[in-house]
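The structure file my_file-v3.cif is reproduced below (mmCIF, C-alpha atoms and all ligand atoms).
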data_target
loop_
_atom_site.label_atom_id
_atom_site.label_comp_id
_atom_site.auth_asym_id
_atom_site.auth_seq_id
_atom_site.Cartn_x
_atom_site.Cartn_y
_atom_site.Cartn_z
CA MET A 11 23.20 -92.89 48.85
CA GLN A 12 21.34 -90.00 50.51
CA HIS A 13 18.64 -88.37 48.43
CA VAL A 14 16.90 -85.06 49.03
CA LEU A 15 13.31 -84.42 48.04
CA VAL A 16 12.52 -80.77 47.38
CA PHE A 17 8.88 -79.71 47.66
CA ASN A 18 7.14 -76.57 46.52
CA SER A 19 3.60 -77.04 47.69
CA GLY A 20 0.77 -74.82 46.41
CA SER A 21 -2.93 -74.90 47.29
CA SER A 22 -3.90 -77.03 44.30
CA SER A 23 -0.50 -78.14 43.04
CA PHE A 24 2.90 -79.26 44.14
CA LYS A 25 6.21 -79.36 42.38
CA PHE A 26 9.00 -81.64 43.45
CA SER A 27 12.61 -82.43 42.53
CA LEU A 28 14.60 -85.40 43.75
CA PHE A 29 18.35 -84.87 44.09
CA SER A 30 21.25 -87.14 44.93
CA THR A 31 24.22 -85.73 46.80
CA GLU A 32 26.31 -86.12 43.64
CA SER A 33 24.86 -83.47 41.39
CA GLU A 34 22.84 -80.27 41.25
CA ALA A 35 20.86 -81.72 38.35
CA PRO A 36 17.77 -83.50 39.72
CA LEU A 37 17.25 -87.23 39.14
CA LEU A 38 13.50 -86.78 38.80
CA THR A 39 11.24 -83.74 38.70
CA GLY A 40 7.51 -83.43 38.52
CA ILE A 41 4.43 -81.42 39.11
CA ALA A 42 1.01 -82.43 40.36
CA GLU A 43 -1.78 -80.11 39.33
CA LYS A 44 -5.51 -79.59 39.85
CA LEU A 45 -5.18 -81.37 43.19
CA GLY A 46 -8.41 -81.77 45.10
CA THR A 47 -10.37 -82.30 41.88
CA SER A 48 -11.21 -85.39 39.86
CA GLU A 49 -8.96 -84.05 37.08
CA ALA A 50 -5.84 -84.12 39.26
CA PHE A 51 -2.76 -85.41 37.44
CA MET A 52 0.98 -85.65 37.87
CA SER A 53 3.72 -85.22 35.25
CA LEU A 54 7.14 -86.75 35.82
CA LYS A 55 10.43 -86.14 34.05
CA ALA A 56 13.54 -88.20 34.71
CA VAL A 57 17.20 -87.36 34.22
CA ASP A 58 17.36 -89.80 31.27
CA GLY A 59 14.63 -87.84 29.45
CA ARG A 60 11.78 -90.26 30.23
CA LYS A 61 8.47 -88.48 30.76
CA GLU A 62 5.06 -89.62 31.84
CA GLN A 63 1.72 -88.32 32.99
CA LEU A 64 -0.38 -90.06 35.63
CA ASP A 65 -3.98 -89.58 36.73
CA ILE A 66 -4.36 -88.97 40.44
CA HIS A 67 -8.03 -88.01 40.69
CA ARG A 68 -7.54 -86.81 44.26
CA ASP A 69 -5.60 -84.61 46.62
CA HIS A 70 -2.05 -83.78 47.83
CA GLU A 71 -1.87 -86.98 49.88
CA ALA A 72 -2.73 -89.15 46.88
CA ALA A 73 -0.11 -87.27 44.85
CA ILE A 74 2.63 -87.98 47.40
CA GLN A 75 1.62 -91.65 47.56
CA THR A 76 1.65 -91.88 43.76
CA LEU A 77 5.13 -90.39 43.70
CA VAL A 78 6.43 -92.83 46.34
CA GLU A 79 4.92 -95.80 44.47
CA LYS A 80 6.33 -94.61 41.15
CA LEU A 81 9.97 -94.19 42.26
CA PRO A 82 11.05 -97.85 41.74
CA ALA A 83 10.12 -97.57 38.05
CA TYR A 84 12.96 -95.00 37.86
CA ASP A 85 15.36 -97.19 39.88
CA LEU A 86 14.80 -94.93 42.85
CA SER A 87 13.45 -95.63 46.29
CA PHE A 88 11.75 -93.44 48.85
CA ASP A 89 13.83 -95.25 51.50
CA ASP A 90 16.86 -93.32 50.22
CA VAL A 91 15.24 -89.96 50.90
CA ALA A 92 17.09 -88.62 53.92
CA VAL A 93 15.43 -85.23 54.16
CA VAL A 94 12.65 -83.18 52.56
CA GLY A 95 13.37 -79.52 51.82
CA HIS A 96 10.33 -77.25 51.50
CA ARG A 97 10.14 -73.92 49.77
CA VAL A 98 8.27 -71.58 52.11
CA VAL A 99 7.33 -68.18 50.75
CA HIS A 100 7.26 -65.99 53.86
CA GLY A 101 9.44 -66.23 56.93
CA GLY A 102 8.63 -62.72 58.19
CA GLU A 103 11.25 -61.42 60.61
CA THR A 104 11.30 -64.78 62.39
CA PHE A 105 13.44 -66.66 59.88
CA SER A 106 16.70 -65.25 58.56
CA ALA A 107 18.04 -68.62 57.33
CA SER A 108 16.84 -72.10 56.47
CA VAL A 109 15.84 -74.24 59.46
CA LYS A 110 15.03 -77.82 60.44
CA ILE A 111 11.32 -78.10 61.01
CA ASP A 112 9.91 -78.94 64.43
CA ASP A 113 6.57 -78.09 66.05
CA LYS A 114 7.73 -74.61 67.07
CA VAL A 115 9.02 -73.83 63.56
CA LEU A 116 5.76 -75.07 62.04
CA ALA A 117 3.78 -72.83 64.39
CA ASP A 118 6.02 -69.86 63.50
CA ILE A 119 5.56 -70.50 59.76
CA ARG A 120 1.80 -70.56 60.36
CA SER A 121 2.01 -67.27 62.19
CA CYS A 122 3.65 -65.68 59.11
CA SER A 123 0.57 -66.60 57.06
CA ALA A 124 -1.02 -63.15 57.39
CA LEU A 125 1.89 -61.84 55.29
CA ALA A 126 1.39 -64.45 52.54
CA PRO A 127 -2.19 -65.70 52.87
CA LEU A 128 -2.18 -67.50 49.52
CA HIS A 129 1.18 -69.20 49.88
CA ASN A 130 2.18 -70.01 53.48
CA PRO A 131 -0.90 -72.13 54.31
CA ALA A 132 -0.23 -74.22 51.19
CA ASN A 133 3.43 -74.63 52.17
CA VAL A 134 2.32 -75.68 55.67
CA LEU A 135 -0.04 -78.22 54.14
CA GLY A 136 2.88 -79.92 52.35
CA ILE A 137 4.97 -80.03 55.54
CA GLU A 138 2.10 -81.42 57.62
CA LEU A 139 1.32 -84.09 55.10
CA VAL A 140 4.91 -85.37 54.97
CA LYS A 141 4.97 -85.30 58.78
CA GLU A 142 1.78 -87.32 58.93
CA LEU A 143 2.86 -89.90 56.35
CA TYR A 144 6.54 -90.15 57.37
CA PRO A 145 6.86 -88.85 60.95
CA GLU A 146 10.54 -89.86 61.26
CA LEU A 147 11.69 -88.09 58.11
CA PRO A 148 13.59 -84.84 58.81
CA GLN A 149 12.19 -81.75 57.08
CA VAL A 150 13.77 -78.38 56.36
CA ALA A 151 12.16 -75.03 55.47
CA VAL A 152 13.87 -72.65 53.05
CA PHE A 153 12.30 -69.19 52.89
CA ASP A 154 11.97 -66.82 49.91
CA THR A 155 12.38 -63.89 52.28
CA ALA A 156 15.26 -65.11 54.48
CA PHE A 157 18.15 -63.89 52.29
CA HIS A 158 16.85 -60.32 52.56
CA GLN A 159 16.76 -60.28 56.36
CA THR A 160 20.22 -58.65 56.21
CA LEU A 161 18.74 -55.47 54.72
CA PRO A 162 19.55 -52.51 56.97
CA SER A 163 16.56 -50.64 58.43
CA LYS A 164 17.14 -47.69 56.08
CA ALA A 165 16.43 -50.09 53.20
CA PHE A 166 13.56 -52.09 54.71
CA LEU A 167 11.49 -49.35 56.38
CA TYR A 168 8.73 -47.54 54.52
CA PRO A 169 8.48 -43.85 55.36
CA ILE A 170 5.05 -44.31 56.99
CA PRO A 171 4.10 -44.14 60.70
CA TYR A 172 6.69 -46.22 62.55
CA LYS A 173 4.10 -48.01 64.64
CA LEU A 174 2.79 -49.69 61.48
CA TYR A 175 6.14 -51.45 61.37
CA LYS A 176 6.39 -52.08 65.11
CA GLU A 177 2.81 -53.26 65.58
CA GLN A 178 1.87 -54.73 62.20
CA GLY A 179 5.22 -55.78 60.74
CA ILE A 180 4.70 -53.55 57.70
CA ARG A 181 8.11 -53.27 56.06
CA ARG A 182 9.95 -54.37 52.96
CA TYR A 183 10.72 -58.13 53.10
CA GLY A 184 11.84 -58.92 49.55
CA PHE A 185 11.32 -62.25 47.74
CA HIS A 186 13.12 -64.62 45.30
CA GLY A 187 15.76 -64.82 48.04
CA THR A 188 16.73 -68.41 47.31
CA SER A 189 17.41 -67.55 43.67
CA HIS A 190 19.34 -64.37 44.51
CA ARG A 191 21.46 -66.27 47.05
CA TYR A 192 22.21 -69.16 44.67
CA VAL A 193 23.13 -66.79 41.85
CA ALA A 194 25.22 -64.50 44.06
CA GLU A 195 27.16 -67.47 45.50
CA THR A 196 27.74 -68.88 42.01
CA ALA A 197 28.89 -65.50 40.68
CA ILE A 198 31.35 -65.00 43.55
CA GLU A 199 32.76 -68.46 42.88
CA GLN A 200 32.88 -68.20 39.06
CA LEU A 201 34.33 -64.68 39.00
CA LYS A 202 36.77 -65.62 41.78
CA LEU A 203 35.65 -62.65 43.84
CA SER A 204 36.56 -62.44 47.49
CA GLU A 205 33.67 -63.52 49.73
CA ASP A 206 34.47 -60.66 52.12
CA ASP A 207 34.92 -58.05 49.43
CA SER A 208 32.42 -58.38 46.61
CA GLN A 209 29.70 -56.03 45.35
CA ILE A 210 27.23 -57.36 42.84
CA LEU A 211 23.78 -56.77 41.42
CA VAL A 212 21.46 -59.67 40.60
CA ALA A 213 18.49 -59.25 38.23
CA HIS A 214 16.08 -62.20 38.50
CA LEU A 215 13.83 -61.76 35.46
CA GLY A 216 11.15 -64.40 35.08
CA ASN A 217 7.41 -64.09 35.11
CA GLY A 218 8.04 -62.39 38.45
CA CYS A 219 11.03 -60.02 38.49
CA SER A 220 13.21 -58.59 41.23
CA ALA A 221 16.71 -57.21 41.57
CA THR A 222 19.03 -57.24 44.57
CA ALA A 223 22.24 -55.53 45.66
CA VAL A 224 24.55 -58.10 47.30
CA VAL A 225 27.58 -56.98 49.30
CA ASN A 226 30.02 -59.67 50.55
CA GLY A 227 27.37 -62.29 49.82
CA LYS A 228 24.63 -60.54 51.85
CA SER A 229 21.52 -58.86 50.48
CA VAL A 230 21.59 -55.14 51.31
CA ASP A 231 18.70 -53.88 49.18
CA THR A 232 16.09 -55.41 46.92
CA THR A 233 13.21 -54.24 44.75
CA MET A 234 10.27 -56.29 46.10
CA GLY A 235 8.70 -55.11 49.33
CA LEU A 236 5.91 -56.07 51.72
CA THR A 237 4.50 -58.11 48.84
CA PRO A 238 5.95 -59.27 45.51
CA LEU A 239 4.07 -56.45 43.74
CA GLU A 240 6.65 -53.74 44.47
CA GLY A 241 9.57 -52.89 42.22
CA LEU A 242 10.17 -53.98 38.64
CA VAL A 243 7.70 -54.39 35.77
CA MET A 244 6.71 -58.10 35.63
CA GLY A 245 4.62 -60.40 33.43
CA THR A 246 1.26 -59.27 34.80
CA ARG A 247 2.33 -57.24 37.86
CA SER A 248 2.80 -53.49 37.62
CA GLY A 249 5.73 -53.06 39.99
CA ASP A 250 5.97 -49.53 41.43
CA VAL A 251 3.10 -47.13 40.85
CA ASP A 252 2.10 -43.92 42.58
CA PRO A 253 0.45 -44.97 45.88
CA SER A 254 -2.31 -42.43 45.15
CA LEU A 255 -3.35 -44.45 42.12
CA HIS A 256 -5.78 -46.45 44.26
CA GLN A 257 -7.67 -43.36 45.40
CA TYR A 258 -7.65 -41.91 41.89
CA LEU A 259 -9.06 -45.08 40.30
CA GLN A 260 -11.74 -45.30 42.94
CA ASP A 261 -12.71 -41.64 42.51
CA THR A 262 -12.69 -41.61 38.72
CA LEU A 263 -13.82 -45.14 37.80
CA GLY A 264 -15.49 -46.30 41.01
CA TRP A 265 -13.20 -49.34 41.21
CA SER A 266 -13.14 -51.22 44.53
CA LEU A 267 -9.89 -51.85 46.38
CA SER A 268 -9.95 -55.55 45.48
CA ARG A 269 -10.55 -54.75 41.79
CA ILE A 270 -7.57 -52.37 41.79
CA THR A 271 -5.37 -54.94 43.54
CA ASP A 272 -6.42 -57.52 41.01
CA VAL A 273 -5.68 -55.22 38.06
CA LEU A 274 -2.23 -54.36 39.43
CA ASN A 275 -1.40 -58.05 40.04
CA ARG A 276 -3.01 -59.79 37.09
CA GLU A 277 -3.72 -57.31 34.30
CA SER A 278 -0.72 -54.95 34.41
CA GLY A 279 3.00 -55.22 33.68
CA LEU A 280 4.00 -56.53 30.25
CA LEU A 281 0.48 -57.84 29.60
CA GLY A 282 -1.28 -54.63 30.58
CA LEU A 283 0.99 -52.32 28.63
CA SER A 284 1.33 -54.45 25.49
CA GLU A 285 -2.26 -55.74 25.33
CA VAL A 286 -0.56 -58.68 23.62
CA SER A 287 0.99 -61.07 26.17
CA ASN A 288 2.68 -61.42 29.56
CA ASP A 289 5.31 -63.61 27.94
CA MET A 290 8.54 -61.87 26.95
CA ARG A 291 9.36 -64.32 24.17
CA THR A 292 6.00 -63.60 22.51
CA LEU A 293 6.53 -59.87 22.98
CA VAL A 294 10.02 -59.88 21.46
CA ALA A 295 8.60 -61.63 18.38
CA ALA A 296 5.62 -59.25 18.26
CA ALA A 297 7.90 -56.20 18.57
CA GLU A 298 9.97 -57.50 15.64
CA SER A 299 6.76 -57.62 13.60
CA GLY A 300 6.01 -54.00 14.51
CA SER A 301 3.48 -54.40 17.35
CA GLU A 302 3.39 -50.98 19.02
CA GLY A 303 2.09 -52.41 22.28
CA ALA A 304 4.94 -54.91 22.46
CA ILE A 305 7.52 -52.21 21.64
CA ILE A 306 6.22 -49.92 24.39
CA ALA A 307 5.99 -52.72 26.97
CA ILE A 308 9.60 -53.78 26.32
CA ASP A 309 10.76 -50.13 26.45
CA VAL A 310 9.16 -49.57 29.84
CA PHE A 311 10.35 -52.95 31.16
CA CYS A 312 13.98 -52.25 30.24
CA PHE A 313 13.99 -48.62 31.33
CA ARG A 314 12.45 -49.34 34.71
CA LEU A 315 14.79 -52.27 35.26
CA ALA A 316 17.81 -50.06 34.51
CA ARG A 317 16.44 -47.33 36.79
CA HIS A 318 16.01 -49.78 39.67
CA LEU A 319 19.46 -51.29 39.14
CA ALA A 320 20.95 -47.80 39.23
CA ALA A 321 19.05 -47.12 42.48
CA LEU A 322 20.42 -50.35 43.99
CA THR A 323 23.98 -49.11 43.37
CA ALA A 324 23.35 -46.57 46.17
CA SER A 325 24.19 -49.51 48.47
CA LEU A 326 27.48 -50.31 46.68
CA SER A 327 30.84 -48.57 46.48
CA ARG A 328 31.61 -50.19 43.11
CA VAL A 329 29.99 -52.68 40.75
CA ASP A 330 31.95 -55.94 40.45
CA ALA A 331 29.27 -57.57 38.30
CA LEU A 332 25.65 -57.49 37.20
CA ILE A 333 24.14 -60.95 36.91
CA PHE A 334 21.12 -61.81 34.77
CA THR A 335 19.02 -64.84 35.69
CA GLY A 336 15.45 -66.22 35.34
CA GLY A 337 13.69 -67.09 32.07
CA ILE A 338 14.15 -63.63 30.54
CA GLY A 339 17.57 -62.94 32.07
CA GLU A 340 18.97 -66.29 30.93
CA ASN A 341 17.45 -66.34 27.43
CA SER A 342 16.96 -62.86 26.04
CA PRO A 343 20.08 -61.20 24.57
CA GLY A 344 18.00 -58.24 23.38
CA ILE A 345 16.66 -57.37 26.81
CA ARG A 346 20.10 -57.75 28.42
CA ALA A 347 21.73 -55.52 25.78
CA ARG A 348 19.06 -52.82 26.17
CA VAL A 349 19.50 -52.71 29.94
CA LEU A 350 23.29 -52.62 29.75
CA GLU A 351 23.19 -49.81 27.17
CA GLN A 352 20.88 -47.84 29.45
CA LEU A 353 23.42 -48.34 32.27
CA VAL A 354 26.46 -47.15 30.28
CA ILE A 355 27.26 -44.76 33.16
CA PHE A 356 28.49 -47.81 35.12
CA GLY A 357 30.95 -48.77 32.39
CA PHE A 358 29.11 -51.70 30.77
CA ARG A 359 30.12 -52.51 27.19
CA VAL A 360 28.23 -55.45 25.68
CA ASP A 361 30.13 -58.15 23.78
CA VAL A 362 27.50 -58.73 21.11
CA SER A 363 28.60 -62.18 20.02
CA SER A 364 29.01 -63.48 23.56
CA ASN A 365 25.67 -61.97 24.59
CA ASP A 366 23.99 -63.66 21.63
CA ILE A 367 24.99 -67.08 22.99
CA HIS A 368 24.27 -66.12 26.63
CA GLY A 369 27.98 -66.04 27.46
CA ARG A 370 28.17 -69.80 26.94
CA GLU A 371 31.79 -69.80 25.75
CA ALA A 372 32.99 -67.18 28.22
CA GLY A 373 31.89 -68.57 31.59
CA GLY A 374 28.65 -66.61 31.32
CA VAL A 375 30.33 -63.22 30.75
CA ILE A 376 28.57 -61.10 28.10
CA THR A 377 30.67 -57.93 28.27
CA GLU A 378 33.92 -56.94 26.53
CA ALA A 379 37.33 -57.13 28.19
CA GLY A 380 37.86 -53.96 30.23
CA SER A 381 34.12 -53.42 30.70
CA THR A 382 32.31 -53.67 34.02
CA VAL A 383 31.30 -57.33 34.07
CA ALA A 384 27.78 -58.50 33.21
CA MET A 385 27.07 -62.20 33.10
CA VAL A 386 24.36 -64.83 32.75
CA ILE A 387 23.89 -67.49 35.43
CA GLN A 388 21.14 -70.09 35.38
CA THR A 389 19.25 -70.01 38.62
CA ASN A 390 18.53 -73.25 40.46
CA GLU A 391 16.35 -72.62 43.49
CA GLU A 392 15.64 -76.31 43.98
CA ALA A 393 19.34 -77.17 44.12
CA MET A 394 19.83 -74.42 46.71
CA ILE A 395 16.99 -75.86 48.81
CA ALA A 396 18.53 -79.35 48.50
CA ARG A 397 21.94 -77.96 49.52
CA ASP A 398 20.48 -76.30 52.64
CA ALA A 399 18.44 -79.39 53.54
CA LEU A 400 21.52 -81.62 53.38
CA SER A 401 23.68 -79.16 55.30
CA LEU A 402 21.14 -78.91 58.11
CA LEU A 403 20.64 -82.68 58.12
CA ASN A 404 24.38 -83.11 58.57
CA GLY A 405 24.53 -80.53 61.35
CA LYS A 406 26.26 -77.84 59.27
CA GLU A 407 25.49 -74.13 59.40
CA VAL A 408 23.69 -72.63 56.43
CA ALA A 409 24.47 -69.20 55.10
CA GLN A 410 22.00 -66.41 55.65
P1 LIG A 501 10.50 -67.99 34.39
O1 LIG A 501 9.35 -67.47 35.25
O2 LIG A 501 11.83 -67.82 35.05
O3 LIG A 501 10.26 -69.36 33.85
O4 LIG A 501 10.55 -67.03 33.09
C1 LIG A 501 9.47 -66.90 32.21
C2 LIG A 501 9.74 -65.76 31.26
O5 LIG A 501 10.95 -66.00 30.54
C3 LIG A 501 8.63 -65.58 30.23
O6 LIG A 501 8.34 -64.19 30.07
C4 LIG A 501 9.30 -66.12 28.97
O7 LIG A 501 8.78 -65.57 27.79
C5 LIG A 501 10.72 -65.65 29.18
N1 LIG A 501 11.62 -66.29 28.21
C6 LIG A 501 11.96 -67.58 28.10
N2 LIG A 501 12.75 -67.76 27.02
C7 LIG A 501 12.90 -66.54 26.42
C8 LIG A 501 13.59 -66.06 25.26
N3 LIG A 501 14.28 -66.87 24.48
N4 LIG A 501 13.50 -64.74 24.98
C9 LIG A 501 12.79 -63.90 25.76
N5 LIG A 501 12.13 -64.29 26.86
C10 LIG A 501 12.18 -65.60 27.18
#
Turn the structure described in the file into structure tokens.
Ligand code: AMP
Amino acid sequence: MQHVLVFNSGSSSFKFSLFSTESEAPLLTGIAEKLGTSEAFMSLKAVDGRKEQLDIHRDHEAAIQTLVEKLPAYDLSFDDVAVVGHRVVHGGETFSASVKIDDKVLADIRSCSALAPLHNPANVLGIELVKELYPELPQVAVFDTAFHQTLPSKAFLYPIPYKLYKEQGIRRYGFHGTSHRYVAETAIEQLKLSEDDSQILVAHLGNGCSATAVVNGKSVDTTMGLTPLEGLVMGTRSGDVDPSLHQYLQDTLGWSLSRITDVLNRESGLLGLSEVSNDMRTLVAAAESGSEGAIIAIDVFCFRLARHLAALTASLSRVDALIFTGGIGENSPGIRARVLEQLVIFGFRVDVSSNDIHGREAGGVITEAGSTVAMVIQTNEEAMIARDALSLLNGKEVAQ
């Protein structure tokens, strides 16, 4: 049986999932952390619930070797792995779909590194290592940005001097594309919408948050931009602020550009506003106990999300469905209800009891009959990467 290994390689960590062709539930998942230090370790979790933690003490290479050696203990073999699918954060304007990796593709991924200096080099490291250890094994790259390459120029250009786009590639790229694509495809299938005539909104709400307008299965607008800082309020990221804020903070507080960038990325969003936590579950509990910070943070989060979703409808001629996904989107009835109430102008009427159980008994749908549809779909980026890797391995086209 063909297996697919999905890799998400970071600078000091890598996550993996091993899939068979039979199911979108992985046979084995794991994460190796603190790589490159003597404290490096790997946690494994199998489909039968078995879990274990292993010391690695070394780097990415040692982690991959440990994984390969460990597979037989789970009745698995690395010999069955037919292809490795890698999550790659930035594909720039070069990659508008997943691709099989060769030397040219690897060089092109490297050349996108300026746009994602923390992520792309780490992704490249994972690809190079697999190539070095298993030169014959086919590899596929699946990009976070690729799904949004269908944005029209009116949606991806910033209103700044055009040559900054032409010469420096400064434009809106969008992220979370693999999740948005998986969720949009699943929604079209589950709601029995026509592939050529469907108009949906997807809200991916996790620690990072973004929303996308999807017409006929293609992304036409999205909230993240040149970097994943633009758009919605997130766990620690601010989302949109006045671009003059940088100058103002420098003038009034003497903050450096890197300090301001750090504050907007790591000390803002839910954490910054609430002064309690970046974690929505903690904030919901704190708000119930009367924490003013938590109440305000949730208010701003929901309002800004609704405002962005309304803005995304400028790219639609009707709303077939709004899909919630990601840790918050999949698990928080309160947040979903607040957002849908704020968007009453689009005809959403929440079905309270269905929303409370995340639409579990109604195919994910959390709205009343006759309402514009809102639903919950669990995202599965790894399964999407595995799907693309297998399709490309078998010579099939993959969707943009
Ligand atoms: P993710 O990055 O997709 O894993 O999502 C993480 C976010 O989902 C965190 O803010 C969690 O607090 C949030 N989350 C998970 N479960 C719940 C829940 N039951 N209620 C509210 N937020 C939740």
**OP:** Would you mind listing the residues within 8 Å of ligand LIG 501 (chain A), counting all atoms listed in the file, as a PyMOL selection string?
**Re:** chain A and resi 214-218+245+288-294+335-343+345
Original post:
Which polymer residues, protein or nucleic acid, are no farther than 9 Å from (18.3, -53.7, 38.9), counting all atoms listed in the file, as a list in words?
Top reply: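 Residues found, by chain and rising number: Leu211, Val212, Ala213, His214, Ser220, Ala221, Thr222, Ala223, Thr232, Thr233, Leu242, Arg314, Leu315, Ala316, Arg317, His318, Leu319, Ala320, Ala321, Leu322, Thr323 and Leu332 of chain A.
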Written selection (C-alpha atoms) as a compact mmCIF listing (two decimals), keeping the file's coordinate frame:
# COMPACT_ATOMS: atom_id res chain seq x y z
CA LEU A 211 23.78 -56.77 41.42
CA VAL A 212 21.46 -59.67 40.60
CA ALA A 213 18.49 -59.25 38.23
CA HIS A 214 16.08 -62.20 38.50
CA SER A 220 13.21 -58.59 41.23
CA ALA A 221 16.71 -57.21 41.57
CA THR A 222 19.03 -57.24 44.57
CA ALA A 223 22.24 -55.53 45.66
CA THR A 232 16.09 -55.41 46.92
CA THR A 233 13.21 -54.24 44.75
CA LEU A 242 10.17 -53.98 38.64
CA ARG A 314 12.45 -49.34 34.71
CA LEU A 315 14.79 -52.27 35.26
CA ALA A 316 17.81 -50.06 34.51
CA ARG A 317 16.44 -47.33 36.79
CA HIS A 318 16.01 -49.78 39.67
CA LEU A 319 19.46 -51.29 39.14
CA ALA A 320 20.95 -47.80 39.23
CA ALA A 321 19.05 -47.12 42.48
CA LEU A 322 20.42 -50.35 43.99
CA THR A 323 23.98 -49.11 43.37
CA LEU A 332 25.65 -57.49 37.20
Subject >> Of the listed residues A:Asp89, A:Thr155, A:His67, A:Asp58, that which approaches A:Gln12 most closely, counting only C-alpha atoms >> reply: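 So, comparing all the options, the nearest one is A:Asp89.
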Contacts of stretch 264-279 of chain A at 7 Å (all atoms listed in the file; same-chain gap of 2+ positions) as a PDB file with C-alpha atoms, in the frame of the given file:
ATOM      1  CA  LEU A 239       4.070 -56.450  43.740  1.00  0.00           C
ATOM      2  CA  VAL A 243       7.700 -54.390  35.770  1.00  0.00           C
ATOM      3  CA  MET A 244       6.710 -58.100  35.630  1.00  0.00           C
ATOM      4  CA  GLY A 245       4.620 -60.400  33.430  1.00  0.00           C
ATOM      5  CA  THR A 246       1.260 -59.270  34.800  1.00  0.00           C
ATOM      6  CA  ARG A 247       2.330 -57.240  37.860  1.00  0.00           C
ATOM      7  CA  SER A 248       2.800 -53.490  37.620  1.00  0.00           C
ATOM      8  CA  HIS A 256      -5.780 -46.450  44.260  1.00  0.00           C
ATOM      9  CA  LEU A 259      -9.060 -45.080  40.300  1.00  0.00           C
ATOM     10  CA  GLN A 260     -11.740 -45.300  42.940  1.00  0.00           C
ATOM     11  CA  ASP A 261     -12.710 -41.640  42.510  1.00  0.00           C
ATOM     12  CA  THR A 262     -12.690 -41.610  38.720  1.00  0.00           C
ATOM     13  CA  LEU A 281       0.480 -57.840  29.600  1.00  0.00           C
ATOM     14  CA  GLY A 282      -1.280 -54.630  30.580  1.00  0.00           C
ATOM     15  CA  LEU A 283       0.990 -52.320  28.630  1.00  0.00           C
TER      16      LEU A 283
END
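From atom CA of A:Ser22 back to atom CA of A:Ser48, the distance works out to 12.0 Å.
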Original post:
Please, what distance in Å, to one decimal, runs between atom CA of A:Arg68 and atom CA of A:Phe51?
Top reply: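 Taking atom CA of A:Arg68 and atom CA of A:Phe51, their separation equals 8.4 Å.
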Original post:
Any idea what the distance is between atom CA of A:Gln200 and atom CA of A:Gly373?
Top reply: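 Computed distance, atom CA of A:Gln200 to atom CA of A:Gly373, equals 7.5 Å.
Among the candidate residues A:Ile74, A:Ala107, A:Ala295, A:Ala165, the one lying nearest to A:Val230 is A:Ala165, with distances computed using only C-alpha atoms.
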Would you place a box with edges along x, y and z of the file around all atoms of stretch 80-97 of chain A listed there, add 8 Å to each of its six sides, and report the centre and edge lengths in Å to one decimal, as JSON?
{"center_x": 11.7, "center_y": -85.9, "center_z": 46.0, "size_x": 26.8, "size_y": 39.9, "size_z": 32.3}
**OP:** Find the residue from A:Cys122, A:Ser325, A:Val93, A:Phe157 that sits nearest to A:Pro145; use all atoms listed in the file when measuring.
**Re:**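 So, comparing all the options, the nearest one is A:Val93.
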Near stretch 180-195 of chain A, 12 Å: stretch 105-142 of chain A residue rows, closest pairs, only C-alpha atoms, as a tab-separated table:
residue	atom	partner	partner_atom	distance
A:Phe105	CA	A:Tyr183	CA	11.2
A:Ser106	CA	A:Gly187	CA	10.6
A:Ala107	CA	A:Thr188	CA	10.1
A:Ser108	CA	A:Thr188	CA	9.9
A:Cys122	CA	A:Tyr183	CA	12.0
A:Ala124	CA	A:Ile180	CA	11.2
A:Leu125	CA	A:Ile180	CA	9.1
A:Ala126	CA	A:Phe185	CA	11.2
Original post:
Neighbours of A:Ser87 within 8 Å (all atoms listed in the file; same-chain residues fewer than 5 positions away dropped), as a list in words?
Top reply: Val78, Leu81 and Pro82 of chain A
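For the set A:Asp85, A:Asp250, A:Asp154, A:Asp309, the residue with the smallest atom-to-atom gap to A:Leu280 is A:Asp309, counting all atoms listed in the file.
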Subject >> Contact residues around A:Asn18 with only C-alpha atoms at 8 Å, ignoring same-chain residues under 5 positions, as a VMD selection string >> reply: chain A and resid 24 to 26 96 to 98 133 136
